[in-house]
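Everything below concerns the one structure shown next.
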Amino acid sequence: AQSVTQLGSHVSVSEGALVLLRCNYSSSVPPYLFWYVQYPNQGLQLLLKYTSAATLVKGINGFEAEFKKSETSFHLTKPSAHMSDAAEYFCAVSRGGGGADGLTFGKGTHLIIQP
Amino acid sequence: ETGVTQSPTHLIKTRGQQVTLRCSSQSGHNTVSWYQQALGQGPQFIFQYYREEENGRGNFPPRFSGLQFPNYSSELNVNALELDDSALYLCASSSTGGDTQYFGPGTRLTVL
């Protein structure tokens with residue numbers, strides 16, 4: 001069984017400050033890990049993914065995440081927040097290779113950017 | 001390249017009715033997955049279709065059913081609607097053995 005825990009349902013940072021969104025996972029097999037972003041009344045957009053290659057993954061819009069097996073974590077970071085980053089962020093895990101059991105998502109973290 | 005599309009955008013039904021939601025997969029993708037996202041929650045996996053057959057299912061009752069067509073588009077059918085079925089329904093497509101799912105904009109279903 002797989003699970004994802006996102007610490008903090010809401011995270012507030014000032015514009016220009018570091019963004020850190022936390023994600024811990026549980027998986028019985030080597031996981032594939034994803035971060036998706038969801039803007040109000042829209043679907044999910046892929047930010048980045050880890051699929052057993054490099055542990056530091058760079059994504060779109062300046063985001064990156066580091067896979068740490070020893071900590072079972074896949075935290076999302078961005079050096080400098082922008083107002084347009086305000087959205088809901090979801091961490092997800094799968095068993096990889098187009099797994100037929102789908103993606104397992106966390107409950108999401110709402111990112112608030114203060115001017 | 002055409003992305004994942006879903007129809008309708010919004011839908012209002014009453015309890016006990018049946019509903020059909022539609023999804024067209026991204027060009028070149030032959031696998032479609034459906035998710036339910038309740039308000040304030042993360043998406044939950046309903047099922048996945050590949051080669052017109054269901055090949056994976058989450059913890060949803062049989063009144064949630066689906067179809068996939070030869071052009072890889074898909075339908076999600078929900079019978080005997082309940083109030084708790086009110087949610088955003090997301091469709092995602094991927095390629096054979098692909099590790100990434102690409103999502104459509106969703107259909108917002110309201111059950112009164």
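Residue names in the structure tokens use chain letters A, B, ... in the order shown, residue numbers from 1 in each chain, and ligand numbers from 1 in the order shown.
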With only C-alpha atoms counted and 12 Å as the cut-off, give the residues of chain B in contact with chain A, each with its shortest interatomic distance in Å and the pair that gives it, as a Markdown table.
| residue | atom | partner | partner_atom | distance |
| --- | --- | --- | --- | --- |
| B:Gly3 | CA | A:Gln45 | CA | 11.3 |
| B:Val4 | CA | A:Gly43 | CA | 10.0 |
| B:Thr5 | CA | A:Gly43 | CA | 10.3 |
| B:Gln6 | CA | A:Gly43 | CA | 10.2 |
| B:Thr9 | CA | A:Asn41 | CA | 10.1 |
| B:His10 | CA | A:Asn41 | CA | 10.8 |
| B:His29 | CA | A:Gly98 | CA | 11.5 |
| B:Asn30 | CA | A:Gly98 | CA | 11.1 |
| B:Thr31 | CA | A:Gly98 | CA | 8.7 |
| B:Val32 | CA | A:Gly102 | CA | 10.0 |
| B:Ser33 | CA | A:Gly102 | CA | 7.2 |
| B:Trp34 | CA | A:Gly102 | CA | 8.8 |
| B:Tyr35 | CA | A:Gly102 | CA | 8.9 |
| B:Gln36 | CA | A:Phe105 | CA | 11.2 |
| B:Gln37 | CA | A:Lys107 | CA | 10.0 |
| B:Ala38 | CA | A:Lys107 | CA | 10.4 |
| B:Leu39 | CA | A:Lys107 | CA | 10.5 |
| B:Gly40 | CA | A:Lys107 | CA | 7.7 |
| B:Gln41 | CA | A:Lys107 | CA | 5.1 |
| B:Gly42 | CA | A:Lys107 | CA | 4.4 |
| B:Pro43 | CA | A:Phe105 | CA | 6.2 |
| B:Gln44 | CA | A:Thr104 | CA | 6.9 |
| B:Phe45 | CA | A:Gly102 | CA | 5.9 |
| B:Ile46 | CA | A:Gly102 | CA | 8.3 |
| B:Phe47 | CA | A:Gly102 | CA | 7.4 |
| B:Gln48 | CA | A:Ala100 | CA | 6.4 |
| B:Tyr49 | CA | A:Ala100 | CA | 8.5 |
| B:Tyr50 | CA | A:Ala100 | CA | 9.0 |
| B:Glu53 | CA | A:Ala100 | CA | 11.5 |
| B:Glu54 | CA | A:Ala100 | CA | 9.1 |
| B:Asn55 | CA | A:Ala100 | CA | 6.0 |
| B:Gly56 | CA | A:Ala100 | CA | 4.7 |
| B:Arg57 | CA | A:Asp101 | CA | 6.3 |
| B:Gly58 | CA | A:Asp101 | CA | 6.9 |
| B:Asn59 | CA | A:Asp101 | CA | 10.4 |
| B:Ala87 | CA | A:Asn41 | CA | 11.7 |
| B:Leu88 | CA | A:Gly43 | CA | 9.0 |
| B:Tyr89 | CA | A:Gly43 | CA | 9.3 |
| B:Leu90 | CA | A:Gly43 | CA | 7.0 |
| B:Cys91 | CA | A:Gly43 | CA | 8.9 |
| B:Ala92 | CA | A:Leu44 | CA | 9.2 |
| B:Ser93 | CA | A:Gly98 | CA | 10.1 |
| B:Ser94 | CA | A:Gly98 | CA | 7.4 |
| B:Ser95 | CA | A:Gly98 | CA | 7.8 |
| B:Thr96 | CA | A:Gly98 | CA | 7.0 |
| B:Gly97 | CA | A:Gly98 | CA | 4.6 |
| B:Gly98 | CA | A:Gly98 | CA | 4.8 |
| B:Asp99 | CA | A:Gly98 | CA | 4.8 |
| B:Thr100 | CA | A:Gly98 | CA | 7.1 |
| B:Gln101 | CA | A:Gly98 | CA | 8.2 |
| B:Tyr102 | CA | A:Leu46 | CA | 7.2 |
| B:Phe103 | CA | A:Leu44 | CA | 5.7 |
| B:Gly104 | CA | A:Gly43 | CA | 5.6 |
| B:Pro105 | CA | A:Gly43 | CA | 4.0 |
| B:Gly106 | CA | A:Gly43 | CA | 5.7 |
| B:Thr107 | CA | A:Gly43 | CA | 9.2 |
| B:Arg108 | CA | A:Asn41 | CA | 8.8 |
Tell me which protein, DNA and RNA residues are within 9 Å of Val11 in chain A, counting only C-alpha atoms, leaving out same-chain ones fewer than 4 positions away, and put them as an mmCIF file with all heavy atoms, in the first residue's frame.
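Saved as out-v3.cif:
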data_model
loop_
_atom_site.group_PDB
_atom_site.id
_atom_site.type_symbol
_atom_site.label_atom_id
_atom_site.label_comp_id
_atom_site.auth_asym_id
_atom_site.auth_seq_id
_atom_site.Cartn_x
_atom_site.Cartn_y
_atom_site.Cartn_z
ATOM 1 N N VAL A 19 10.120 29.113 -0.662
ATOM 2 C CA VAL A 19 8.945 28.257 -0.535
ATOM 3 C C VAL A 19 9.409 26.843 -0.213
ATOM 4 O O VAL A 19 10.301 26.300 -0.895
ATOM 5 C CB VAL A 19 8.115 28.229 -1.838
ATOM 6 C CG1 VAL A 19 6.970 27.219 -1.735
ATOM 7 C CG2 VAL A 19 7.585 29.613 -2.180
ATOM 8 N N LEU A 20 8.823 26.246 0.836
ATOM 9 C CA LEU A 20 9.124 24.863 1.190
ATOM 10 C C LEU A 20 7.800 24.166 1.510
ATOM 11 O O LEU A 20 7.125 24.512 2.467
ATOM 12 C CB LEU A 20 10.046 24.781 2.401
ATOM 13 C CG LEU A 20 10.251 23.384 3.020
ATOM 14 C CD1 LEU A 20 10.869 22.431 2.005
ATOM 15 C CD2 LEU A 20 11.104 23.473 4.285
ATOM 16 N N LEU A 21 7.443 23.197 0.682
ATOM 17 C CA LEU A 21 6.245 22.398 0.903
ATOM 18 C C LEU A 21 6.683 20.961 1.152
ATOM 19 O O LEU A 21 7.408 20.382 0.352
ATOM 20 C CB LEU A 21 5.310 22.466 -0.315
ATOM 21 C CG LEU A 21 4.880 23.862 -0.760
ATOM 22 C CD1 LEU A 21 3.912 23.769 -1.936
ATOM 23 C CD2 LEU A 21 4.289 24.660 0.370
ATOM 24 N N THR A 109 -1.543 21.118 -0.089
ATOM 25 C CA THR A 109 -1.103 22.278 0.694
ATOM 26 C C THR A 109 -1.472 23.528 -0.079
ATOM 27 O O THR A 109 -1.105 23.670 -1.257
ATOM 28 C CB THR A 109 0.413 22.251 0.930
ATOM 29 O OG1 THR A 109 0.756 21.110 1.708
ATOM 30 C CG2 THR A 109 0.864 23.522 1.667
ATOM 31 N N HIS A 110 -2.200 24.407 0.611
ATOM 32 C CA HIS A 110 -2.590 25.667 -0.014
ATOM 33 C C HIS A 110 -1.474 26.683 0.231
ATOM 34 O O HIS A 110 -1.174 27.008 1.381
ATOM 35 C CB HIS A 110 -3.908 26.159 0.572
ATOM 36 C CG HIS A 110 -4.441 27.373 -0.100
ATOM 37 N ND1 HIS A 110 -4.833 27.389 -1.419
ATOM 38 C CD2 HIS A 110 -4.623 28.635 0.358
ATOM 39 C CE1 HIS A 110 -5.245 28.598 -1.744
ATOM 40 N NE2 HIS A 110 -5.123 29.376 -0.681
ATOM 41 N N LEU A 111 -0.849 27.150 -0.831
ATOM 42 C CA LEU A 111 0.248 28.113 -0.713
ATOM 43 C C LEU A 111 -0.305 29.528 -0.869
ATOM 44 O O LEU A 111 -0.928 29.853 -1.887
ATOM 45 C CB LEU A 111 1.311 27.843 -1.776
ATOM 46 C CG LEU A 111 2.498 28.811 -1.791
ATOM 47 C CD1 LEU A 111 3.272 28.754 -0.473
ATOM 48 C CD2 LEU A 111 3.425 28.509 -2.966
ATOM 49 N N ILE A 112 -0.042 30.338 0.161
ATOM 50 C CA ILE A 112 -0.483 31.737 0.175
ATOM 51 C C ILE A 112 0.753 32.607 0.064
ATOM 52 O O ILE A 112 1.734 32.399 0.790
ATOM 53 C CB ILE A 112 -1.240 32.047 1.475
ATOM 54 C CG1 ILE A 112 -2.449 31.112 1.612
ATOM 55 C CG2 ILE A 112 -1.660 33.517 1.535
ATOM 56 C CD1 ILE A 112 -3.005 31.050 3.022
ATOM 57 N N ILE A 113 0.725 33.561 -0.835
ATOM 58 C CA ILE A 113 1.853 34.476 -1.010
ATOM 59 C C ILE A 113 1.448 35.855 -0.502
ATOM 60 O O ILE A 113 0.493 36.460 -1.026
ATOM 61 C CB ILE A 113 2.291 34.568 -2.488
ATOM 62 C CG1 ILE A 113 2.461 33.171 -3.091
ATOM 63 C CG2 ILE A 113 3.564 35.398 -2.600
ATOM 64 C CD1 ILE A 113 3.556 32.349 -2.480
#
Helix (DSSP H, G or I) call set, DSSP backbone run, range 13-98 of chain A, as a ChimeraX atom specification: /A:60-62,69-71,83-85
With all heavy atoms kept, could you save the residues just selected as a tab-separated table (two decimals), in the first residue's frame?
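again_3.tsv, written as the output of this step:
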chain	number	residue	atom	x	y	z
A	60	ILE	N	9.03	22.92	-13.59
A	60	ILE	CA	8.67	24.18	-14.23
A	60	ILE	C	8.53	25.29	-13.20
A	60	ILE	O	8.43	25.03	-12.00
A	60	ILE	CB	7.35	24.03	-15.02
A	60	ILE	CG1	6.18	23.68	-14.09
A	60	ILE	CG2	7.49	23.00	-16.13
A	60	ILE	CD1	4.84	23.72	-14.75
A	61	ASN	N	8.56	26.52	-13.69
A	61	ASN	CA	8.33	27.71	-12.86
A	61	ASN	C	9.33	27.86	-11.71
A	61	ASN	O	9.00	28.47	-10.68
A	61	ASN	CB	6.90	27.70	-12.28
A	61	ASN	CG	5.86	27.68	-13.37
A	61	ASN	OD1	6.12	28.05	-14.52
A	61	ASN	ND2	4.67	27.22	-13.05
A	62	GLY	N	10.52	27.30	-11.85
A	62	GLY	CA	11.57	27.47	-10.85
A	62	GLY	C	11.48	26.53	-9.66
A	62	GLY	O	12.25	26.67	-8.70
A	69	LYS	N	15.56	9.02	0.18
A	69	LYS	CA	15.03	7.69	0.53
A	69	LYS	C	15.09	7.46	2.03
A	69	LYS	O	14.16	6.91	2.62
A	69	LYS	CB	15.82	6.62	-0.20
A	69	LYS	CG	15.32	5.21	0.01
A	69	LYS	CD	16.13	4.21	-0.80
A	69	LYS	CE	15.63	2.79	-0.56
A	69	LYS	NZ	16.41	1.81	-1.35
A	70	SER	N	16.19	7.88	2.67
A	70	SER	CA	16.37	7.62	4.11
A	70	SER	C	15.31	8.33	4.94
A	70	SER	O	14.96	7.87	6.03
A	70	SER	CB	17.77	8.06	4.55
A	70	SER	OG	17.94	9.44	4.33
A	71	GLU	N	14.80	9.45	4.42
A	71	GLU	CA	13.78	10.21	5.14
A	71	GLU	C	12.39	9.99	4.55
A	71	GLU	O	11.42	10.57	5.04
A	71	GLU	CB	14.13	11.70	5.10
A	71	GLU	CG	15.46	12.04	5.74
A	71	GLU	CD	15.82	13.51	5.63
A	71	GLU	OE1	14.97	14.30	5.16
A	71	GLU	OE2	16.96	13.88	6.01
A	83	MET	N	3.91	36.03	-6.67
A	83	MET	CA	2.46	36.07	-6.41
A	83	MET	C	1.71	35.01	-7.23
A	83	MET	O	0.72	34.43	-6.74
A	83	MET	CB	1.90	37.45	-6.72
A	83	MET	CG	2.42	38.56	-5.82
A	83	MET	SD	2.04	38.30	-4.08
A	83	MET	CE	0.26	38.54	-4.10
A	84	SER	N	2.20	34.74	-8.42
A	84	SER	CA	1.52	33.76	-9.29
A	84	SER	C	1.66	32.32	-8.80
A	84	SER	O	1.03	31.41	-9.35
A	84	SER	CB	2.06	33.87	-10.71
A	84	SER	OG	3.44	33.57	-10.73
A	85	ASP	N	2.49	32.10	-7.76
A	85	ASP	CA	2.65	30.74	-7.21
A	85	ASP	C	1.51	30.37	-6.27
A	85	ASP	O	1.40	29.21	-5.85
A	85	ASP	CB	3.98	30.63	-6.46
A	85	ASP	CG	5.18	30.77	-7.36
A	85	ASP	OD1	5.10	30.35	-8.54
A	85	ASP	OD2	6.21	31.32	-6.89
Filtered DSSP result for range 31-107 of chain B, state strand (DSSP E), as JSON, numbers by chain: {"B": [31, 32, 33, 34, 35, 36, 37, 44, 45, 46, 47, 48, 49, 50, 53, 54, 55, 56, 57, 64, 65, 66, 67, 68, 74, 75, 76, 77, 78, 87, 88, 89, 90, 91, 92, 93, 94, 102, 103, 107]}
Mind dumping the selected residues with N, CA and C atoms as a CSV table (one decimal), in the first residue's frame?
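The result, stored in out15.csv:
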chain,number,residue,atom,x,y,z
B,31,THR,N,-4.0,5.3,-22.4
B,31,THR,CA,-4.5,4.9,-21.1
B,31,THR,C,-5.2,6.0,-20.4
B,32,VAL,N,-6.4,5.8,-19.8
B,32,VAL,CA,-7.1,6.8,-19.2
B,32,VAL,C,-7.5,6.4,-17.8
B,33,SER,N,-7.3,7.4,-16.9
B,33,SER,CA,-7.6,7.1,-15.5
B,33,SER,C,-8.6,8.2,-15.0
B,34,TRP,N,-9.4,7.8,-14.1
B,34,TRP,CA,-10.4,8.8,-13.5
B,34,TRP,C,-10.2,8.9,-12.1
B,35,TYR,N,-10.4,10.2,-11.6
B,35,TYR,CA,-10.2,10.5,-10.2
B,35,TYR,C,-11.4,11.3,-9.7
B,36,GLN,N,-11.7,11.2,-8.4
B,36,GLN,CA,-12.7,12.0,-7.8
B,36,GLN,C,-12.1,12.9,-6.8
B,37,GLN,N,-12.3,14.2,-6.9
B,37,GLN,CA,-11.7,15.2,-5.9
B,37,GLN,C,-12.9,15.9,-5.2
B,44,GLN,N,-8.9,11.2,-5.6
B,44,GLN,CA,-8.8,9.8,-5.3
B,44,GLN,C,-9.1,9.0,-6.5
B,45,PHE,N,-8.3,7.9,-6.7
B,45,PHE,CA,-8.3,7.1,-7.9
B,45,PHE,C,-9.6,6.3,-8.0
B,46,ILE,N,-10.3,6.4,-9.1
B,46,ILE,CA,-11.5,5.6,-9.3
B,46,ILE,C,-11.2,4.3,-10.0
B,47,PHE,N,-10.7,4.5,-11.3
B,47,PHE,CA,-10.2,3.3,-12.1
B,47,PHE,C,-9.4,3.8,-13.3
B,48,GLN,N,-8.8,2.8,-14.0
B,48,GLN,CA,-8.0,3.0,-15.1
B,48,GLN,C,-8.5,2.1,-16.3
B,49,TYR,N,-8.4,2.7,-17.5
B,49,TYR,CA,-8.8,1.9,-18.7
B,49,TYR,C,-7.6,1.8,-19.6
B,50,TYR,N,-7.4,0.6,-20.2
B,50,TYR,CA,-6.3,0.4,-21.1
B,50,TYR,C,-6.8,-0.6,-22.1
B,53,GLU,N,-10.4,-1.9,-21.6
B,53,GLU,CA,-10.7,-2.7,-20.5
B,53,GLU,C,-10.3,-2.1,-19.2
B,54,GLU,N,-11.0,-2.3,-18.1
B,54,GLU,CA,-10.6,-1.7,-16.8
B,54,GLU,C,-9.5,-2.6,-16.3
B,55,ASN,N,-8.3,-2.0,-16.0
B,55,ASN,CA,-7.2,-2.7,-15.6
B,55,ASN,C,-6.7,-2.3,-14.2
B,56,GLY,N,-7.5,-1.5,-13.5
B,56,GLY,CA,-7.1,-1.1,-12.2
B,56,GLY,C,-8.3,-0.4,-11.6
B,57,ARG,N,-8.5,-0.5,-10.3
B,57,ARG,CA,-9.7,0.1,-9.6
B,57,ARG,C,-9.3,0.5,-8.2
B,64,PHE,N,-20.1,3.0,-9.9
B,64,PHE,CA,-19.1,3.8,-10.7
B,64,PHE,C,-18.6,2.8,-11.8
B,65,SER,N,-18.9,3.1,-13.0
B,65,SER,CA,-18.4,2.3,-14.1
B,65,SER,C,-17.9,3.1,-15.2
B,66,GLY,N,-17.2,2.5,-16.1
B,66,GLY,CA,-16.6,3.2,-17.2
B,66,GLY,C,-16.6,2.5,-18.5
B,67,LEU,N,-16.1,3.2,-19.5
B,67,LEU,CA,-15.9,2.6,-20.9
B,67,LEU,C,-14.7,3.3,-21.5
B,68,GLN,N,-14.0,2.6,-22.3
B,68,GLN,CA,-13.0,3.2,-23.2
B,68,GLN,C,-13.3,2.8,-24.6
B,74,SER,N,-12.9,8.1,-23.2
B,74,SER,CA,-13.5,7.4,-22.1
B,74,SER,C,-14.7,8.0,-21.6
B,75,GLU,N,-15.5,7.2,-20.9
B,75,GLU,CA,-16.7,7.7,-20.2
B,75,GLU,C,-16.6,7.2,-18.8
B,76,LEU,N,-17.1,8.0,-17.8
B,76,LEU,CA,-17.3,7.6,-16.5
B,76,LEU,C,-18.8,7.7,-16.2
B,77,ASN,N,-19.4,6.6,-15.8
B,77,ASN,CA,-20.8,6.6,-15.5
B,77,ASN,C,-21.0,6.3,-14.0
B,78,VAL,N,-21.9,7.1,-13.4
B,78,VAL,CA,-22.3,6.9,-12.0
B,78,VAL,C,-23.8,6.7,-11.9
B,87,ALA,N,-18.5,16.4,-6.5
B,87,ALA,CA,-17.1,16.5,-6.5
B,87,ALA,C,-16.6,17.0,-7.9
B,88,LEU,N,-15.3,17.3,-8.0
B,88,LEU,CA,-14.7,17.5,-9.3
B,88,LEU,C,-14.2,16.2,-9.8
B,89,TYR,N,-14.6,15.8,-11.0
B,89,TYR,CA,-14.1,14.5,-11.5
B,89,TYR,C,-13.1,14.8,-12.6
B,90,LEU,N,-11.9,14.2,-12.3
B,90,LEU,CA,-10.7,14.5,-13.2
B,90,LEU,C,-10.4,13.3,-14.0
B,91,CYS,N,-10.1,13.5,-15.2
B,91,CYS,CA,-9.6,12.5,-16.1
B,91,CYS,C,-8.1,12.7,-16.4
B,92,ALA,N,-7.4,11.7,-16.5
B,92,ALA,CA,-5.9,11.8,-16.8
B,92,ALA,C,-5.6,10.8,-17.9
B,93,SER,N,-4.7,11.1,-18.8
B,93,SER,CA,-4.2,10.2,-19.8
B,93,SER,C,-2.7,10.0,-19.7
B,94,SER,N,-2.3,8.8,-20.2
B,94,SER,CA,-0.9,8.5,-20.2
B,94,SER,C,-0.6,7.5,-21.3
B,102,TYR,N,-1.4,13.0,-17.3
B,102,TYR,CA,-1.7,14.4,-17.7
B,102,TYR,C,-3.2,14.6,-17.5
B,103,PHE,N,-3.5,15.6,-16.8
B,103,PHE,CA,-4.9,15.8,-16.3
B,103,PHE,C,-5.7,16.8,-17.2
B,107,THR,N,-14.7,17.9,-14.5
B,107,THR,CA,-16.1,18.2,-14.6
B,107,THR,C,-16.6,18.3,-13.1
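We find CA of Thr72 in chain A and CA of Thr55 in chain A to be spaced 12.1 Å apart.
Across the model, the gap from CA of Ala54 in chain A to CA of Gly28 in chain B is 26.6 Å.
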Atomic distance CA of Lys58 in chain A - CA of Ala1 in chain A, expressed in Å with one decimal: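 Between CA of Lys58 in chain A and CA of Ala1 in chain A the gap is 27.3 Å.
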